[in-house]
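Student: Pasting run17.pdb below, which is PDB, C-alpha atoms.
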```pdb
ATOM      1  CA  MET A   1      12.481  -5.589 -18.667
ATOM      2  CA  ASN A   2       9.870  -3.031 -19.607
ATOM      3  CA  ASN A   3       9.130  -0.613 -16.766
ATOM      4  CA  ASP A   4       5.419  -1.041 -17.421
ATOM      5  CA  THR A   5       5.383  -4.737 -16.538
ATOM      6  CA  VAL A   6       6.320  -6.871 -13.575
ATOM      7  CA  ASN A   7       7.328 -10.354 -14.711
ATOM      8  CA  ASP A   8       7.288 -13.682 -12.940
ATOM      9  CA  GLU A   9      10.871 -14.959 -12.732
ATOM     10  CA  ASN A  10       9.873 -18.345 -14.198
ATOM     11  CA  ASP A  11       7.606 -17.064 -16.952
ATOM     12  CA  SER A  12       7.819 -14.481 -19.692
ATOM     13  CA  SER A  13       4.197 -13.370 -19.261
ATOM     14  CA  PRO A  14       3.770 -10.318 -17.061
ATOM     15  CA  VAL A  15       2.389 -10.692 -13.562
ATOM     16  CA  LEU A  16       1.181  -7.106 -13.752
ATOM     17  CA  ASP A  17       0.960  -4.795 -16.741
ATOM     18  CA  ARG A  18       1.218  -1.315 -15.239
ATOM     19  CA  SER A  19      -0.037   0.296 -18.434
ATOM     20  CA  PHE A  20      -3.582  -0.764 -17.459
ATOM     21  CA  LEU A  21      -3.287   1.126 -14.169
ATOM     22  CA  GLN A  22      -1.661   4.096 -15.887
ATOM     23  CA  GLU A  23      -4.528   4.271 -18.386
ATOM     24  CA  ILE A  24      -7.104   4.155 -15.590
ATOM     25  CA  PHE A  25      -5.140   6.853 -13.752
ATOM     26  CA  ALA A  26      -5.239   9.073 -16.840
ATOM     27  CA  LEU A  27      -8.997   8.608 -17.260
ATOM     28  CA  ALA A  28      -9.992   8.738 -13.578
ATOM     29  CA  GLY A  29     -10.618  12.474 -13.384
ATOM     30  CA  ALA A  30     -10.631  14.017  -9.910
ATOM     31  CA  GLU A  31      -8.504  12.222  -7.313
ATOM     32  CA  PRO A  32      -7.113   9.472  -9.576
ATOM     33  CA  GLU A  33      -4.774   8.237  -6.829
ATOM     34  CA  ALA A  34      -7.645   7.547  -4.432
ATOM     35  CA  PHE A  35      -9.630   5.886  -7.225
ATOM     36  CA  LEU A  36      -6.765   3.511  -8.073
ATOM     37  CA  VAL A  37      -6.131   2.658  -4.429
ATOM     38  CA  GLU A  38      -9.822   1.841  -3.988
ATOM     39  CA  MET A  39      -9.842  -0.223  -7.176
ATOM     40  CA  ILE A  40      -6.808  -2.233  -6.039
ATOM     41  CA  ASP A  41      -8.352  -2.711  -2.584
ATOM     42  CA  CYS A  42     -11.616  -3.978  -4.090
ATOM     43  CA  TYR A  43      -9.723  -6.400  -6.323
ATOM     44  CA  LEU A  44      -7.620  -7.725  -3.436
ATOM     45  CA  GLU A  45     -10.729  -8.118  -1.277
ATOM     46  CA  ALA A  46     -12.799  -9.947  -3.919
ATOM     47  CA  THR A  47     -10.139 -12.241  -5.385
ATOM     48  CA  PRO A  48      -9.758 -14.695  -2.462
ATOM     49  CA  ASN A  49     -13.533 -15.303  -2.554
ATOM     50  CA  LEU A  50     -13.409 -16.001  -6.284
ATOM     51  CA  ILE A  51     -10.454 -18.356  -5.861
ATOM     52  CA  GLU A  52     -12.416 -20.157  -3.147
ATOM     53  CA  ALA A  53     -15.402 -20.413  -5.515
ATOM     54  CA  ILE A  54     -13.088 -21.943  -8.127
ATOM     55  CA  GLN A  55     -11.724 -24.410  -5.543
ATOM     56  CA  ASN A  56     -15.256 -25.412  -4.534
ATOM     57  CA  ALA A  57     -16.364 -25.797  -8.148
ATOM     58  CA  ILE A  58     -13.410 -28.080  -8.849
ATOM     59  CA  ALA A  59     -14.072 -30.146  -5.717
ATOM     60  CA  ASP A  60     -17.751 -30.465  -6.702
ATOM     61  CA  SER A  61     -16.964 -31.031 -10.412
ATOM     62  CA  ASP A  62     -19.352 -28.147 -11.122
ATOM     63  CA  LEU A  63     -18.380 -26.954 -14.590
ATOM     64  CA  ASN A  64     -20.864 -24.052 -14.677
ATOM     65  CA  ALA A  65     -19.708 -22.679 -11.322
ATOM     66  CA  LEU A  66     -16.076 -23.064 -12.399
ATOM     67  CA  GLN A  67     -16.639 -21.175 -15.631
ATOM     68  CA  ARG A  68     -18.638 -18.433 -13.881
ATOM     69  CA  ALA A  69     -16.033 -17.829 -11.170
ATOM     70  CA  ALA A  70     -13.127 -18.059 -13.620
ATOM     71  CA  HIS A  71     -14.820 -15.604 -15.983
ATOM     72  CA  THR A  72     -15.471 -13.104 -13.192
ATOM     73  CA  LEU A  73     -11.908 -13.348 -11.888
ATOM     74  CA  LYS A  74     -10.553 -13.039 -15.436
ATOM     75  CA  SER A  75     -12.525  -9.829 -16.013
ATOM     76  CA  ASN A  76     -11.509  -8.387 -12.651
ATOM     77  CA  SER A  77      -7.868  -9.294 -13.261
ATOM     78  CA  VAL A  78      -7.752  -7.666 -16.679
ATOM     79  CA  SER A  79      -9.161  -4.459 -15.195
ATOM     80  CA  VAL A  80      -6.094  -4.070 -12.938
ATOM     81  CA  GLY A  81      -3.547  -5.381 -15.445
ATOM     82  CA  ALA A  82      -3.106  -8.807 -13.821
ATOM     83  CA  CYS A  83      -2.608 -10.434 -17.222
ATOM     84  CA  GLY A  84      -0.889 -13.584 -15.960
ATOM     85  CA  LEU A  85      -3.741 -14.374 -13.591
ATOM     86  CA  ALA A  86      -6.289 -13.559 -16.293
ATOM     87  CA  ASN A  87      -4.556 -16.086 -18.548
ATOM     88  CA  TYR A  88      -4.970 -18.866 -15.967
ATOM     89  CA  CYS A  89      -8.626 -17.910 -15.555
ATOM     90  CA  GLN A  90      -9.133 -18.066 -19.306
ATOM     91  CA  GLN A  91      -7.685 -21.584 -19.342
ATOM     92  CA  LEU A  92      -9.974 -22.638 -16.488
ATOM     93  CA  GLU A  93     -12.944 -21.065 -18.222
ATOM     94  CA  ALA A  94     -12.177 -23.077 -21.381
ATOM     95  CA  ILE A  95     -12.417 -26.485 -19.671
ATOM     96  CA  ASP A  96     -15.433 -28.097 -21.287
ATOM     97  CA  LYS A  97     -15.990 -31.516 -19.713
ATOM     98  CA  SER A  98     -16.861 -32.299 -16.114
ATOM     99  CA  ASP A  99     -14.514 -35.285 -16.070
ATOM    100  CA  SER A 100     -11.646 -32.970 -17.058
ATOM    101  CA  ILE A 101     -12.271 -30.583 -14.200
ATOM    102  CA  LYS A 102     -10.343 -32.449 -11.549
ATOM    103  CA  SER A 103      -7.378 -33.426 -13.704
ATOM    104  CA  GLN A 104      -6.861 -30.200 -15.663
ATOM    105  CA  ALA A 105      -8.234 -27.674 -13.226
ATOM    106  CA  LYS A 106      -6.310 -28.810 -10.150
ATOM    107  CA  VAL A 107      -2.985 -28.183 -11.875
ATOM    108  CA  LEU A 108      -4.149 -24.830 -13.219
ATOM    109  CA  LEU A 109      -5.523 -23.878  -9.809
ATOM    110  CA  GLN A 110      -2.192 -24.546  -8.094
ATOM    111  CA  GLU A 111      -0.363 -22.419 -10.655
ATOM    112  CA  MET A 112      -3.050 -19.729 -10.450
ATOM    113  CA  GLU A 113      -2.741 -19.526  -6.652
ATOM    114  CA  ILE A 114       1.006 -18.907  -6.979
ATOM    115  CA  GLN A 115       0.314 -16.322  -9.676
ATOM    116  CA  TYR A 116      -2.198 -14.600  -7.382
ATOM    117  CA  LEU A 117       0.378 -14.262  -4.594
ATOM    118  CA  GLU A 118       2.799 -12.635  -7.044
ATOM    119  CA  THR A 119       0.029 -10.418  -8.397
ATOM    120  CA  LYS A 120      -1.027  -9.400  -4.890
ATOM    121  CA  GLU A 121       2.549  -8.433  -4.040
ATOM    122  CA  ALA A 122       2.872  -6.371  -7.229
ATOM    123  CA  LEU A 123      -0.476  -4.649  -6.636
ATOM    124  CA  LEU A 124       0.445  -3.776  -3.060
ATOM    125  CA  ILE A 125       3.588  -2.093  -4.386
ATOM    126  CA  GLU A 126       1.475  -0.194  -6.927
ATOM    127  CA  ARG A 127      -0.974   0.727  -4.182
ATOM    128  CA  GLN A 128       1.867   2.352  -2.224
ATOM    129  CA  ARG A 129       2.853   4.353  -5.308
ATOM    130  CA  TYR A 130      -0.671   5.752  -5.649
ATOM    131  CA  GLN A 131      -1.481   6.143  -1.942
ATOM    132  CA  PRO A 132      -2.710   9.760  -1.563
TER     133      PRO A 132
END
```
Let's see the structure in the file written out as C-alpha coordinates.
Tutor:
Amino acid sequence: MNNDTVNDENDSSPVLDRSFLQEIFALAGAEPEAFLVEMIDCYLEATPNLIEAIQNAIADSDLNALQRAAHTLKSNSVSVGACGLANYCQQLEAIDKSDSIKSQAKVLLQEMEIQYLETKEALLIERQRYQP
(Lines of atoms letter the chains of each structure in order from A and count residues from 1; the text may use other names and numbers.)
(Lines give C-alpha, C1' and ligand atoms only; values in the text may rest on other atoms or scores of the structure.)
Protein backbone atom coordinates (compact mmCIF):
# COMPACT_ATOMS: atom_id res chain seq x y z
CA MET A 1 0.00 0.00 0.00
CA ASN A 2 1.23 3.46 -0.89
CA ASN A 3 2.04 5.54 2.18
CA ASP A 4 0.18 8.47 0.64
CA THR A 5 -3.19 6.71 0.63
CA VAL A 6 -5.45 5.08 3.17
CA ASN A 7 -7.55 2.37 1.53
CA ASP A 8 -10.89 0.88 2.45
CA GLU A 9 -10.38 -2.83 3.15
CA ASN A 10 -13.21 -3.79 0.77
CA ASP A 11 -12.34 -1.42 -2.05
CA SER A 12 -9.24 -0.53 -4.02
CA SER A 13 -10.10 3.18 -4.17
CA PRO A 14 -8.42 5.26 -1.48
CA VAL A 15 -10.44 6.55 1.44
CA LEU A 16 -7.94 9.37 1.81
CA ASP A 17 -5.20 10.48 -0.55
CA ARG A 18 -2.63 12.12 1.71
CA SER A 19 -0.88 13.75 -1.23
CA PHE A 20 -3.69 16.35 -1.33
CA LEU A 21 -2.98 17.32 2.28
CA GLN A 22 0.76 17.27 1.69
CA GLU A 23 0.36 19.62 -1.28
CA ILE A 24 -1.77 22.01 0.77
CA PHE A 25 0.82 21.82 3.56
CA ALA A 26 3.57 22.77 1.11
CA LEU A 27 1.60 25.73 -0.23
CA ALA A 28 0.12 26.96 3.07
CA GLY A 29 2.90 29.39 3.96
CA ALA A 30 3.11 30.46 7.61
CA GLU A 31 1.79 27.94 10.14
CA PRO A 32 0.82 25.18 7.68
CA GLU A 33 0.02 22.77 10.52
CA ALA A 34 -2.60 25.09 12.00
CA PHE A 35 -4.04 25.74 8.53
CA LEU A 36 -4.45 22.01 7.83
CA VAL A 37 -5.99 21.33 11.23
CA GLU A 38 -8.50 24.14 10.65
CA MET A 39 -9.25 22.86 7.15
CA ILE A 40 -9.89 19.33 8.45
CA ASP A 41 -12.06 20.70 11.27
CA CYS A 42 -14.14 22.75 8.83
CA TYR A 43 -14.62 19.72 6.59
CA LEU A 44 -15.64 17.48 9.49
CA GLU A 45 -18.06 20.14 10.76
CA ALA A 46 -19.72 20.79 7.38
CA THR A 47 -19.97 17.23 6.06
CA PRO A 48 -22.74 15.91 8.36
CA ASN A 49 -24.95 18.85 7.30
CA LEU A 50 -24.33 18.08 3.63
CA ILE A 51 -25.07 14.39 4.16
CA GLU A 52 -28.30 15.40 5.89
CA ALA A 53 -29.16 17.65 2.92
CA ILE A 54 -28.58 14.67 0.61
CA GLN A 55 -30.80 12.47 2.81
CA ASN A 56 -33.57 15.09 2.75
CA ALA A 57 -33.29 15.56 -1.01
CA ILE A 58 -33.63 11.81 -1.53
CA ALA A 59 -36.61 11.60 0.82
CA ASP A 60 -38.26 14.53 -1.00
CA SER A 61 -37.24 13.26 -4.47
CA ASP A 62 -35.70 16.71 -5.03
CA LEU A 63 -33.20 16.19 -7.83
CA ASN A 64 -31.89 19.77 -7.81
CA ALA A 65 -31.24 19.74 -4.06
CA LEU A 66 -29.57 16.33 -4.36
CA GLN A 67 -27.26 17.50 -7.12
CA ARG A 68 -26.42 20.74 -5.28
CA ALA A 69 -25.56 19.02 -2.00
CA ALA A 70 -23.67 16.21 -3.73
CA HIS A 71 -21.67 18.70 -5.79
CA THR A 72 -20.74 20.75 -2.72
CA LEU A 73 -19.71 17.66 -0.75
CA LYS A 74 -17.75 16.36 -3.74
CA SER A 75 -15.79 19.62 -4.00
CA ASN A 76 -15.15 19.75 -0.26
CA SER A 77 -14.06 16.11 -0.23
CA VAL A 78 -11.60 16.54 -3.08
CA SER A 79 -10.02 19.49 -1.26
CA VAL A 80 -8.98 17.23 1.65
CA GLY A 81 -8.15 14.17 -0.46
CA ALA A 82 -11.30 12.20 0.40
CA CYS A 83 -11.39 10.68 -3.08
CA GLY A 84 -13.62 7.72 -2.21
CA LEU A 85 -16.31 9.98 -0.78
CA ALA A 86 -15.97 12.36 -3.72
CA ASN A 87 -16.59 9.41 -6.05
CA TYR A 88 -19.89 8.58 -4.32
CA CYS A 89 -20.89 12.25 -4.53
CA GLN A 90 -20.11 12.30 -8.23
CA GLN A 91 -22.37 9.28 -8.74
CA LEU A 92 -25.17 10.96 -6.78
CA GLU A 93 -24.69 14.16 -8.73
CA ALA A 94 -25.05 12.23 -12.01
CA ILE A 95 -28.52 10.87 -11.21
CA ASP A 96 -30.76 12.52 -13.78
CA LYS A 97 -34.35 11.42 -13.19
CA SER A 98 -36.50 12.07 -10.15
CA ASP A 99 -37.93 8.55 -10.26
CA SER A 100 -34.39 7.17 -10.03
CA ILE A 101 -33.56 9.14 -6.92
CA LYS A 102 -35.04 6.76 -4.40
CA SER A 103 -33.84 3.54 -6.01
CA GLN A 104 -30.31 4.55 -7.02
CA ALA A 105 -29.58 7.20 -4.44
CA LYS A 106 -30.59 5.22 -1.36
CA VAL A 107 -28.02 2.53 -2.11
CA LEU A 108 -25.34 5.11 -2.88
CA LEU A 109 -26.22 7.05 0.26
CA GLN A 110 -25.78 3.99 2.48
CA GLU A 111 -22.38 3.27 0.93
CA MET A 112 -21.43 6.95 1.14
CA GLU A 113 -22.28 7.10 4.86
CA ILE A 114 -19.95 4.16 5.52
CA GLN A 115 -17.28 5.83 3.39
CA TYR A 116 -17.69 9.04 5.40
CA LEU A 117 -17.09 7.22 8.69
CA GLU A 118 -13.87 5.75 7.28
CA THR A 119 -12.87 9.14 5.88
CA LYS A 120 -13.58 10.85 9.20
CA GLU A 121 -11.40 8.32 11.02
CA ALA A 122 -8.55 8.82 8.53
CA LEU A 123 -8.83 12.62 8.74
CA LEU A 124 -8.77 12.55 12.54
CA ILE A 125 -5.53 10.58 12.36
CA GLU A 126 -4.13 13.15 9.91
CA ARG A 127 -5.32 15.94 12.18
CA GLN A 128 -3.26 14.47 15.03
CA ARG A 129 -0.20 14.38 12.78
CA TYR A 130 -0.54 18.08 11.99
CA GLN A 131 -1.72 19.28 15.41
CA PRO A 132 0.62 22.19 16.32
Student: For Ser79 (chain A), list every protein, DNA or RNA residue within 10 Å, evaluated using all atoms listed in the file, and leave out those in the same chain fewer than 6 positions away; present the list as a short mmCIF file (atom, residue, chain, number, x, y, z; two decimals) with C-alpha atoms, in the coordinates of the input.
Tutor:
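Once everything was written out, this is result_15.cif:
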```cif
data_model
loop_
_atom_site.label_atom_id
_atom_site.label_comp_id
_atom_site.auth_asym_id
_atom_site.auth_seq_id
_atom_site.Cartn_x
_atom_site.Cartn_y
_atom_site.Cartn_z
CA PHE A 20 -3.58 -0.76 -17.46
CA LEU A 21 -3.29 1.13 -14.17
CA ILE A 24 -7.10 4.16 -15.59
CA MET A 39 -9.84 -0.22 -7.18
CA ILE A 40 -6.81 -2.23 -6.04
CA TYR A 43 -9.72 -6.40 -6.32
CA LEU A 73 -11.91 -13.35 -11.89
CA ALA A 86 -6.29 -13.56 -16.29
#
```
Student: Which residues are near Leu124 (chain A)? Cut-off 12 Å, only C-alpha atoms, ignore same chain within fewer than 4 positions. Put them as a PDB file with C-alpha atoms, keeping the file's coordinate frame.
Tutor:
```pdb
ATOM      1  CA  LEU A  16       1.181  -7.106 -13.752  1.00  0.00           C
ATOM      2  CA  LEU A  36      -6.765   3.511  -8.073  1.00  0.00           C
ATOM      3  CA  VAL A  37      -6.131   2.658  -4.429  1.00  0.00           C
ATOM      4  CA  GLU A  38      -9.822   1.841  -3.988  1.00  0.00           C
ATOM      5  CA  MET A  39      -9.842  -0.223  -7.176  1.00  0.00           C
ATOM      6  CA  ILE A  40      -6.808  -2.233  -6.039  1.00  0.00           C
ATOM      7  CA  ASP A  41      -8.352  -2.711  -2.584  1.00  0.00           C
ATOM      8  CA  TYR A  43      -9.723  -6.400  -6.323  1.00  0.00           C
ATOM      9  CA  LEU A  44      -7.620  -7.725  -3.436  1.00  0.00           C
ATOM     10  CA  VAL A  80      -6.094  -4.070 -12.938  1.00  0.00           C
ATOM     11  CA  TYR A 116      -2.198 -14.600  -7.382  1.00  0.00           C
ATOM     12  CA  LEU A 117       0.378 -14.262  -4.594  1.00  0.00           C
ATOM     13  CA  GLU A 118       2.799 -12.635  -7.044  1.00  0.00           C
ATOM     14  CA  THR A 119       0.029 -10.418  -8.397  1.00  0.00           C
ATOM     15  CA  LYS A 120      -1.027  -9.400  -4.890  1.00  0.00           C
ATOM     16  CA  GLN A 128       1.867   2.352  -2.224  1.00  0.00           C
ATOM     17  CA  ARG A 129       2.853   4.353  -5.308  1.00  0.00           C
ATOM     18  CA  TYR A 130      -0.671   5.752  -5.649  1.00  0.00           C
ATOM     19  CA  GLN A 131      -1.481   6.143  -1.942  1.00  0.00           C
TER      20      GLN A 131
END
```
Student: When you look at Asp60 (chain A) with a cut-off of 12 Å (counting only C-alpha atoms), what residues show up, excluding the ones that are within fewer than 5 positions of it in the same chain? I need them as a PyMOL selection string.
Tutor: chain A and resi 53-55+65-66+98-99+101-102+105
Student: So that I can check the surroundings of Ile95 (chain A), please list as an MDAnalysis selection string every protein, DNA and RNA residue that reaches within 8 Å of it, counting all atoms listed in the file and ignoring chain neighbours fewer than 3 positions away.
Tutor: chainID A and resid 63 67 91:92 100:101 104:105
Student: With distances taken over all atoms listed in the file, which residue among A:Ala70, A:Leu27, A:Val15, A:Ala82 lies nearest Glu52 (chain A)?
Tutor: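 Selected residue with least distance to Glu52 (chain A): A:Ala70.
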Student: Using only C-alpha atoms, which of A:Asn76, A:Asn87, A:Leu108, A:Ile114 sits nearest Thr47 (chain A)?
Tutor: A:Asn76
Student: Specify the axis-aligned box that encloses all atoms of region 82-88 of chain A listed in the file after padding of 5 Å on each side, stating its centre and edge lengths in Å to one decimal as JSON.
Tutor:
```
{"center_x": -3.6, "center_y": -13.8, "center_z": -16.1, "size_x": 15.4, "size_y": 20.1, "size_z": 15.0}
```
Student: Figure out the distance between CA of Asp62 (chain A) and CA of Val78 (chain A), please, to one decimal in Å.
Tutor: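 Separation of CA of Val78 (chain A) and CA of Asp62 (chain A): 24.2 Å.
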Student: Nearest to Ser61 (chain A) among A:Asn49, A:Gln90, A:Ser103, A:Ser75, with distances taken over only C-alpha atoms: which residue is it?
Tutor: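 For Ser61 (chain A), the nearest of the candidates is A:Ser103.
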